[in-house]
$ cat target33.txt   # compact mmCIF, C-alpha atoms and all ligand atoms
# COMPACT_ATOMS: atom_id res chain seq x y z
CA MET M 1 -5.49 -27.30 -82.39
CA LYS M 2 -8.28 -27.12 -79.86
CA ALA M 3 -5.89 -28.47 -77.20
CA VAL M 4 -3.43 -25.66 -77.88
CA VAL M 5 -6.12 -23.00 -77.54
CA THR M 6 -7.31 -24.61 -74.30
CA SER M 7 -3.89 -24.65 -72.71
CA LEU M 8 -3.33 -20.98 -73.60
CA ALA M 9 -6.60 -20.14 -71.88
CA TRP M 10 -5.30 -21.94 -68.80
CA ILE M 11 -2.13 -19.91 -68.75
CA ALA M 12 -4.18 -16.70 -68.98
CA LEU M 13 -6.38 -17.83 -66.09
CA ALA M 14 -3.46 -18.85 -63.90
CA ALA M 15 -1.81 -15.48 -64.48
CA THR M 16 -4.83 -13.48 -63.32
CA PRO M 17 -4.76 -13.14 -59.52
CA ALA M 18 -8.26 -11.63 -59.40
CA LEU M 19 -9.67 -14.92 -60.66
CA ALA M 20 -8.10 -17.05 -57.96
CA ASP M 21 -11.27 -17.83 -56.01
CA GLU M 22 -12.74 -21.11 -54.84
CA ALA M 23 -15.03 -21.68 -57.80
CA LYS M 24 -12.10 -21.84 -60.25
CA PHE M 25 -10.10 -25.00 -60.68
CA GLY M 26 -6.67 -25.39 -62.21
CA PRO M 27 -6.00 -27.20 -65.48
CA PRO M 28 -6.66 -30.92 -65.22
CA ASN M 29 -4.04 -33.58 -65.78
CA ALA M 30 -3.68 -34.15 -69.55
CA THR M 31 -4.36 -37.89 -69.37
CA TYR M 32 -7.51 -37.29 -67.35
CA GLN M 33 -8.62 -34.69 -69.88
CA ASP M 34 -7.93 -37.06 -72.80
CA GLU M 35 -9.68 -40.09 -71.34
CA CYS M 36 -12.55 -38.62 -69.34
CA ALA M 37 -13.74 -35.60 -71.31
CA SER M 38 -15.09 -37.20 -74.49
CA CYS M 39 -18.67 -37.70 -73.24
CA HIS M 40 -18.83 -34.83 -70.73
CA LEU M 41 -16.42 -32.23 -69.38
CA ALA M 42 -13.50 -33.30 -67.21
CA TYR M 43 -15.29 -32.73 -63.91
CA PRO M 44 -12.87 -31.00 -61.53
CA ALA M 45 -11.05 -33.47 -59.27
CA GLN M 46 -11.75 -31.08 -56.39
CA LEU M 47 -15.51 -31.76 -56.52
CA LEU M 48 -15.49 -35.37 -55.30
CA SER M 49 -13.76 -37.07 -52.38
CA ALA M 50 -11.03 -39.71 -52.76
CA PRO M 51 -13.36 -42.57 -51.71
CA SER M 52 -15.84 -41.39 -54.35
CA TRP M 53 -13.25 -41.22 -57.13
CA ARG M 54 -11.93 -44.67 -56.21
CA ALA M 55 -15.43 -46.17 -56.23
CA LEU M 56 -16.27 -44.48 -59.51
CA LEU M 57 -13.08 -45.68 -61.22
CA ALA M 58 -13.62 -49.21 -59.91
CA GLY M 59 -16.88 -49.36 -61.87
CA LEU M 60 -15.92 -47.83 -65.22
CA ASP M 61 -17.21 -50.88 -67.11
CA ARG M 62 -20.70 -49.95 -65.84
CA HIS M 63 -20.36 -46.17 -65.91
CA PHE M 64 -23.86 -44.64 -65.80
CA GLY M 65 -25.08 -46.96 -68.54
CA THR M 66 -21.90 -46.86 -70.66
CA ASP M 67 -18.51 -48.54 -70.72
CA ALA M 68 -15.75 -46.03 -69.96
CA THR M 69 -12.96 -48.53 -69.30
CA VAL M 70 -9.36 -47.37 -69.77
CA ASP M 71 -6.20 -49.45 -69.72
CA ALA M 72 -4.52 -50.24 -66.41
CA LYS M 73 -1.56 -47.86 -66.75
CA VAL M 74 -3.77 -44.93 -67.76
CA MET M 75 -6.11 -45.81 -64.92
CA ARG M 76 -3.31 -45.61 -62.35
CA GLU M 77 -2.32 -42.15 -63.55
CA ILE M 78 -5.90 -40.86 -63.55
CA GLU M 79 -6.59 -42.32 -60.13
CA ALA M 80 -3.43 -40.83 -58.62
CA TYR M 81 -4.31 -37.41 -60.05
CA LEU M 82 -7.95 -37.45 -58.93
CA VAL M 83 -7.21 -38.75 -55.45
CA ARG M 84 -4.38 -36.25 -54.94
CA ASN M 85 -6.69 -33.34 -55.76
CA ALA M 86 -9.89 -34.67 -54.23
CA ARG M 87 -11.93 -32.72 -51.72
CA THR M 88 -11.99 -33.68 -48.07
CA PRO M 89 -15.09 -35.80 -47.44
CA ARG M 90 -17.65 -34.51 -44.95
CA ARG M 91 -18.24 -36.74 -41.98
CA GLY M 92 -20.60 -39.64 -42.74
CA GLU M 93 -20.72 -38.77 -46.43
CA GLY M 94 -19.81 -42.14 -47.92
CA ALA M 95 -18.61 -42.70 -51.47
CA VAL M 96 -21.35 -40.99 -53.48
CA LEU M 97 -20.58 -41.49 -57.18
CA ARG M 98 -22.14 -38.31 -58.49
CA ILE M 99 -21.00 -34.76 -57.82
CA THR M 100 -24.65 -33.82 -58.38
CA GLU M 101 -25.68 -36.00 -55.43
CA THR M 102 -23.22 -34.61 -52.92
CA ARG M 103 -24.66 -32.46 -50.14
CA TRP M 104 -22.68 -29.37 -51.14
CA PHE M 105 -23.98 -29.60 -54.71
CA VAL M 106 -27.59 -29.92 -53.59
CA ARG M 107 -27.20 -27.00 -51.19
CA GLU M 108 -25.37 -24.82 -53.70
CA HIS M 109 -28.08 -25.45 -56.33
CA ASP M 110 -31.18 -25.33 -54.12
CA GLU M 111 -32.36 -22.12 -55.78
CA VAL M 112 -32.49 -23.69 -59.25
CA PRO M 113 -36.18 -24.40 -59.98
CA ALA M 114 -37.06 -28.05 -60.69
CA ALA M 115 -38.36 -27.06 -64.15
CA THR M 116 -34.98 -25.54 -65.09
CA TRP M 117 -33.21 -28.91 -64.78
CA LYS M 118 -35.68 -30.35 -67.30
CA LEU M 119 -35.23 -27.66 -69.98
CA PRO M 120 -33.96 -29.04 -73.31
CA ALA M 121 -30.90 -26.79 -72.92
CA VAL M 122 -30.05 -28.43 -69.58
CA ARG M 123 -31.50 -32.01 -69.51
CA SER M 124 -29.16 -33.23 -66.77
CA LYS M 125 -27.65 -31.77 -63.62
CA ALA M 126 -24.39 -33.29 -64.86
CA ASN M 127 -24.49 -30.93 -67.86
CA CYS M 128 -22.60 -28.24 -65.92
CA ALA M 129 -21.76 -26.17 -69.01
CA ALA M 130 -25.46 -25.51 -69.69
CA CYS M 131 -25.21 -22.85 -66.95
CA HIS M 132 -21.53 -22.56 -66.10
CA THR M 133 -20.49 -21.23 -69.49
CA GLN M 134 -16.76 -21.48 -68.67
CA ALA M 135 -16.95 -24.91 -67.01
CA GLU M 136 -14.54 -26.41 -69.53
CA GLN M 137 -11.96 -23.89 -68.38
CA GLY M 138 -12.56 -24.93 -64.76
CA ASP M 139 -14.49 -21.73 -63.98
CA PHE M 140 -17.71 -22.16 -61.98
CA GLY M 141 -17.76 -18.60 -60.66
CA GLU M 142 -20.81 -16.36 -60.68
CA ARG M 143 -19.59 -14.06 -63.42
CA SER M 144 -19.79 -16.74 -66.10
CA LEU M 145 -23.05 -18.24 -64.81
CA ARG M 146 -25.99 -18.01 -67.26
CA VAL M 147 -28.98 -20.11 -66.25
CA PRO M 148 -31.25 -20.87 -69.25
CA ARG M 149 -34.92 -19.91 -68.91
C1 LIG Z 1 -18.47 -43.26 -73.04
C2 LIG Z 1 -18.84 -42.01 -72.42
C3 LIG Z 1 -18.17 -41.66 -71.09
C4 LIG Z 1 -16.83 -41.65 -70.79
C5 LIG Z 1 -15.66 -41.99 -71.69
C6 LIG Z 1 -16.75 -41.21 -69.40
N1 LIG Z 1 -17.98 -40.93 -68.90
FE1 LIG Z 1 -18.40 -40.17 -67.05
N2 LIG Z 1 -20.39 -40.21 -67.48
C7 LIG Z 1 -20.95 -40.67 -68.66
C8 LIG Z 1 -22.39 -40.57 -68.58
C9 LIG Z 1 -23.39 -40.97 -69.67
C10 LIG Z 1 -22.68 -40.02 -67.30
C11 LIG Z 1 -24.05 -39.66 -66.74
C12 LIG Z 1 -24.37 -38.25 -67.21
C13 LIG Z 1 -25.72 -37.73 -66.78
O1 LIG Z 1 -26.28 -38.20 -65.79
O2 LIG Z 1 -26.21 -36.77 -67.43
C14 LIG Z 1 -21.40 -39.80 -66.65
C15 LIG Z 1 -21.25 -39.26 -65.38
C16 LIG Z 1 -20.06 -39.07 -64.72
C17 LIG Z 1 -19.92 -38.51 -63.39
C18 LIG Z 1 -21.06 -38.06 -62.49
C19 LIG Z 1 -21.62 -36.69 -62.90
C20 LIG Z 1 -22.65 -36.21 -61.87
O3 LIG Z 1 -23.85 -36.47 -62.05
O4 LIG Z 1 -22.22 -35.61 -60.88
C21 LIG Z 1 -18.59 -38.50 -63.09
C22 LIG Z 1 -17.95 -37.99 -61.81
C23 LIG Z 1 -17.89 -39.06 -64.23
N3 LIG Z 1 -18.81 -39.37 -65.21
C24 LIG Z 1 -16.52 -39.27 -64.30
C25 LIG Z 1 -15.87 -39.86 -65.38
C26 LIG Z 1 -14.45 -40.20 -65.38
C27 LIG Z 1 -13.51 -40.01 -64.23
C28 LIG Z 1 -14.18 -40.72 -66.63
C29 LIG Z 1 -12.85 -41.23 -67.16
C30 LIG Z 1 -12.29 -42.38 -66.50
C31 LIG Z 1 -15.43 -40.70 -67.39
N4 LIG Z 1 -16.42 -40.19 -66.59
C32 LIG Z 1 -15.55 -41.11 -68.71
C33 LIG Z 1 -20.27 -41.11 -69.78
C34 LIG Z 1 -18.90 -41.22 -69.89
C1 LIG Z 2 -29.29 -25.28 -64.34
C2 LIG Z 2 -28.05 -24.53 -64.17
C3 LIG Z 2 -26.88 -25.19 -63.49
C4 LIG Z 2 -26.26 -26.39 -63.79
C5 LIG Z 2 -26.62 -27.37 -64.89
C6 LIG Z 2 -25.17 -26.53 -62.86
N1 LIG Z 2 -25.11 -25.45 -62.03
FE1 LIG Z 2 -23.69 -25.07 -60.63
N2 LIG Z 2 -24.66 -23.40 -60.05
C7 LIG Z 2 -25.85 -22.93 -60.61
C8 LIG Z 2 -26.36 -21.84 -59.79
C9 LIG Z 2 -27.64 -21.05 -60.05
C10 LIG Z 2 -25.44 -21.68 -58.73
C11 LIG Z 2 -25.53 -20.71 -57.56
C12 LIG Z 2 -24.74 -19.48 -57.78
C13 LIG Z 2 -24.81 -18.62 -56.53
O1 LIG Z 2 -25.80 -18.61 -55.84
O2 LIG Z 2 -23.80 -17.97 -56.26
C14 LIG Z 2 -24.39 -22.66 -58.93
C15 LIG Z 2 -23.25 -22.78 -58.12
C16 LIG Z 2 -22.22 -23.67 -58.34
C17 LIG Z 2 -20.95 -23.67 -57.63
C18 LIG Z 2 -20.51 -22.67 -56.57
C19 LIG Z 2 -20.00 -21.43 -57.27
C20 LIG Z 2 -19.48 -20.38 -56.32
O3 LIG Z 2 -19.44 -19.21 -56.75
O4 LIG Z 2 -19.13 -20.71 -55.20
C21 LIG Z 2 -20.21 -24.70 -58.13
C22 LIG Z 2 -18.79 -25.10 -57.75
C23 LIG Z 2 -21.02 -25.36 -59.13
N3 LIG Z 2 -22.23 -24.69 -59.24
C24 LIG Z 2 -20.63 -26.47 -59.84
C25 LIG Z 2 -21.45 -27.14 -60.74
C26 LIG Z 2 -21.08 -28.39 -61.37
C27 LIG Z 2 -19.79 -29.14 -61.13
C28 LIG Z 2 -22.10 -28.73 -62.21
C29 LIG Z 2 -22.25 -29.96 -63.04
C30 LIG Z 2 -21.95 -31.24 -62.39
C31 LIG Z 2 -23.12 -27.67 -62.10
N4 LIG Z 2 -22.69 -26.75 -61.19
C32 LIG Z 2 -24.31 -27.62 -62.82
C33 LIG Z 2 -26.45 -23.41 -61.76
C34 LIG Z 2 -26.14 -24.62 -62.38

$ encode --input "target33.txt" --output "structure tokens" --more "lines below"
Ligand code: HEC
Ligand code: HEC
Amino acid sequence: MKAVVTSLAWIALAATPALADEAKFGPPNATYQDECASCHLAYPAQLLSAPSWRALLAGLDRHFGTDATVDAKVMREIEAYLVRNARTPRRGEGAVLRITETRWFVREHDEVPAATWKLPAVRSKANCAACHTQAEQGDFGERSLRVPR
């Protein structure tokens, strides 16, 4: 049921031209959503480079302290999707595994006070939805941003 509601929300978003700005990302591939959104949201493919996605997927058995392994066929589909939609790496960037450690992320979030990241409602920079209230719909725009205090 939840999946149906989610896909309707996507259709509504896609049909609203005013919302078509950079901080909004289209609906993710269904397999990616199924396999990679059980512990955290399906981070938009557009927020990491292809070398980063490849490196991350190559280490799913040691994924930030957990095992997130998927079977080989599923893996090929997820990898193809992520790499196809990946962002262009900046020169000299390397294959950083975390969105939250990329230079654009650090720059974009430099006004967030250090204490805010440690609030119980936030806990981790990777907990995007703590502030980006529509993150699960791919929306990281300013209008849906609510930073806990
Ligand atoms: C069993 C739980 C689990 C599954 C399944 C899982 N992850 Fe994760 N993932 C984690 C944890 C835990 C972290 C670290 C979160 C933190 O630092 O707060 C993480 C972090 C990440 C990050 C880095 C976030 C940042 O800090 O920028 C990315 C990217 C990521 N996962 C991608 C994936 C992909 C792709 C898949 C599917 C193949 C996946 N994850 C499946 C548990 C999981
Ligand atoms: C503690 C709150 C907080 C968390 C958690 C957080 N962000 Fe943000 N994010 C912000 C703030 C504040 C801005 C800056 C908004 C501005 O200045 O326009 C921002 C900006 C952004 C932007 C640029 C938006 C635009 O309008 O161009 C993106 C994309 C983004 N964040 C993605 C993420 C992702 C992905 C995660 C999780 C991996 C995340 N954020 C976690 C607070 C947060």

$ atom_distance --input "target33.txt" --atom1 "CA of His132 in chain M" --atom2 "CA of Glu108 in chain M"
13.2 Å

$ residues_around --input "target33.txt" --residues "Gln46 in chain M" --least-positions-apart "6" --cutoff "7 Å" --atoms "only C-alpha atoms" --output "VMD selection string"
chain M and resid 85 to 87

$ atom_distance --input "target33.txt" --atom1 "atom O2 of ligand LIG 1 (chain Z)" --atom2 "CA of Val96 in chain M"
15.4 Å

$ atom_distance --input "target33.txt" --atom1 "atom C23 of ligand LIG 1 (chain Z)" --atom2 "CA of Trp117 in chain M"
18.4 Å

$ residues_near_ligand --input "target33.txt" --ligand "ligand LIG 1 (chain Z)" --cutoff "8 Å" --atoms "all atoms listed in the file" --output "VMD selection string"
chain M and resid 32 35 to 40 42 to 43 48 53 56 to 57 60 63 to 70 75 78 97 to 101 123 to 127

$ residues_near_ligand --input "target33.txt" --ligand "ligand LIG 2 (chain Z)" --cutoff "9 Å" --atoms "only C-alpha atoms and all ligand atoms" --output "number ranges by chain"
M: 21-24, 41, 43-44, 47, 98-100, 104-105, 108-113, 116-119, 121-132, 135, 139-143, 145-148

$ closest_residue --input "target33.txt" --among "M:Ala80, M:Val74, M:Ala114, M:Val106" --to "Thr31 in chain M" --atoms "all atoms listed in the file"
M:Val74

$ closest_residue --input "target33.txt" --among "M:Glu79, M:Gly138, M:Thr102, M:Ser144" --to "Gly26 in chain M" --atoms "all atoms listed in the file"
M:Gly138

$ build_atoms --input "target33.txt" --residues "range 128-139 of chain M" --atoms "N, CA and C atoms" --output "PDB file, keeping the file's coordinate frame"
ATOM      1  N   CYS M 128     -23.016 -29.468 -66.602  1.00  0.00           N
ATOM      2  CA  CYS M 128     -22.600 -28.240 -65.920  1.00  0.00           C
ATOM      3  C   CYS M 128     -22.529 -27.040 -66.878  1.00  0.00           C
ATOM      4  N   ALA M 129     -22.021 -27.282 -68.080  1.00  0.00           N
ATOM      5  CA  ALA M 129     -21.760 -26.170 -69.010  1.00  0.00           C
ATOM      6  C   ALA M 129     -23.039 -25.518 -69.520  1.00  0.00           C
ATOM      7  N   ALA M 130     -24.195 -26.147 -69.291  1.00  0.00           N
ATOM      8  CA  ALA M 130     -25.460 -25.510 -69.690  1.00  0.00           C
ATOM      9  C   ALA M 130     -25.624 -24.181 -68.954  1.00  0.00           C
ATOM     10  N   CYS M 131     -25.094 -24.077 -67.757  1.00  0.00           N
ATOM     11  CA  CYS M 131     -25.210 -22.850 -66.950  1.00  0.00           C
ATOM     12  C   CYS M 131     -23.853 -22.214 -66.676  1.00  0.00           C
ATOM     13  N   HIS M 132     -22.886 -23.053 -66.377  1.00  0.00           N
ATOM     14  CA  HIS M 132     -21.530 -22.560 -66.100  1.00  0.00           C
ATOM     15  C   HIS M 132     -20.799 -22.494 -67.432  1.00  0.00           C
ATOM     16  N   THR M 133     -20.923 -21.331 -68.095  1.00  0.00           N
ATOM     17  CA  THR M 133     -20.490 -21.230 -69.490  1.00  0.00           C
ATOM     18  C   THR M 133     -18.980 -21.429 -69.668  1.00  0.00           C
ATOM     19  N   GLN M 134     -18.212 -21.279 -68.584  1.00  0.00           N
ATOM     20  CA  GLN M 134     -16.760 -21.480 -68.670  1.00  0.00           C
ATOM     21  C   GLN M 134     -16.321 -22.752 -67.934  1.00  0.00           C
ATOM     22  N   ALA M 135     -17.249 -23.684 -67.776  1.00  0.00           N
ATOM     23  CA  ALA M 135     -16.950 -24.910 -67.010  1.00  0.00           C
ATOM     24  C   ALA M 135     -15.757 -25.669 -67.596  1.00  0.00           C
ATOM     25  N   GLU M 136     -15.653 -25.673 -68.921  1.00  0.00           N
ATOM     26  CA  GLU M 136     -14.540 -26.410 -69.530  1.00  0.00           C
ATOM     27  C   GLU M 136     -13.187 -25.790 -69.203  1.00  0.00           C
ATOM     28  N   GLN M 137     -13.199 -24.535 -68.808  1.00  0.00           N
ATOM     29  CA  GLN M 137     -11.960 -23.890 -68.380  1.00  0.00           C
ATOM     30  C   GLN M 137     -11.786 -23.984 -66.858  1.00  0.00           C
ATOM     31  N   GLY M 138     -12.675 -24.754 -66.204  1.00  0.00           N
ATOM     32  CA  GLY M 138     -12.560 -24.930 -64.760  1.00  0.00           C
ATOM     33  C   GLY M 138     -13.173 -23.805 -63.960  1.00  0.00           C
ATOM     34  N   ASP M 139     -13.930 -22.924 -64.636  1.00  0.00           N
ATOM     35  CA  ASP M 139     -14.490 -21.730 -63.980  1.00  0.00           C
ATOM     36  C   ASP M 139     -15.975 -21.932 -63.699  1.00  0.00           C
TER      37      ASP M 139
END
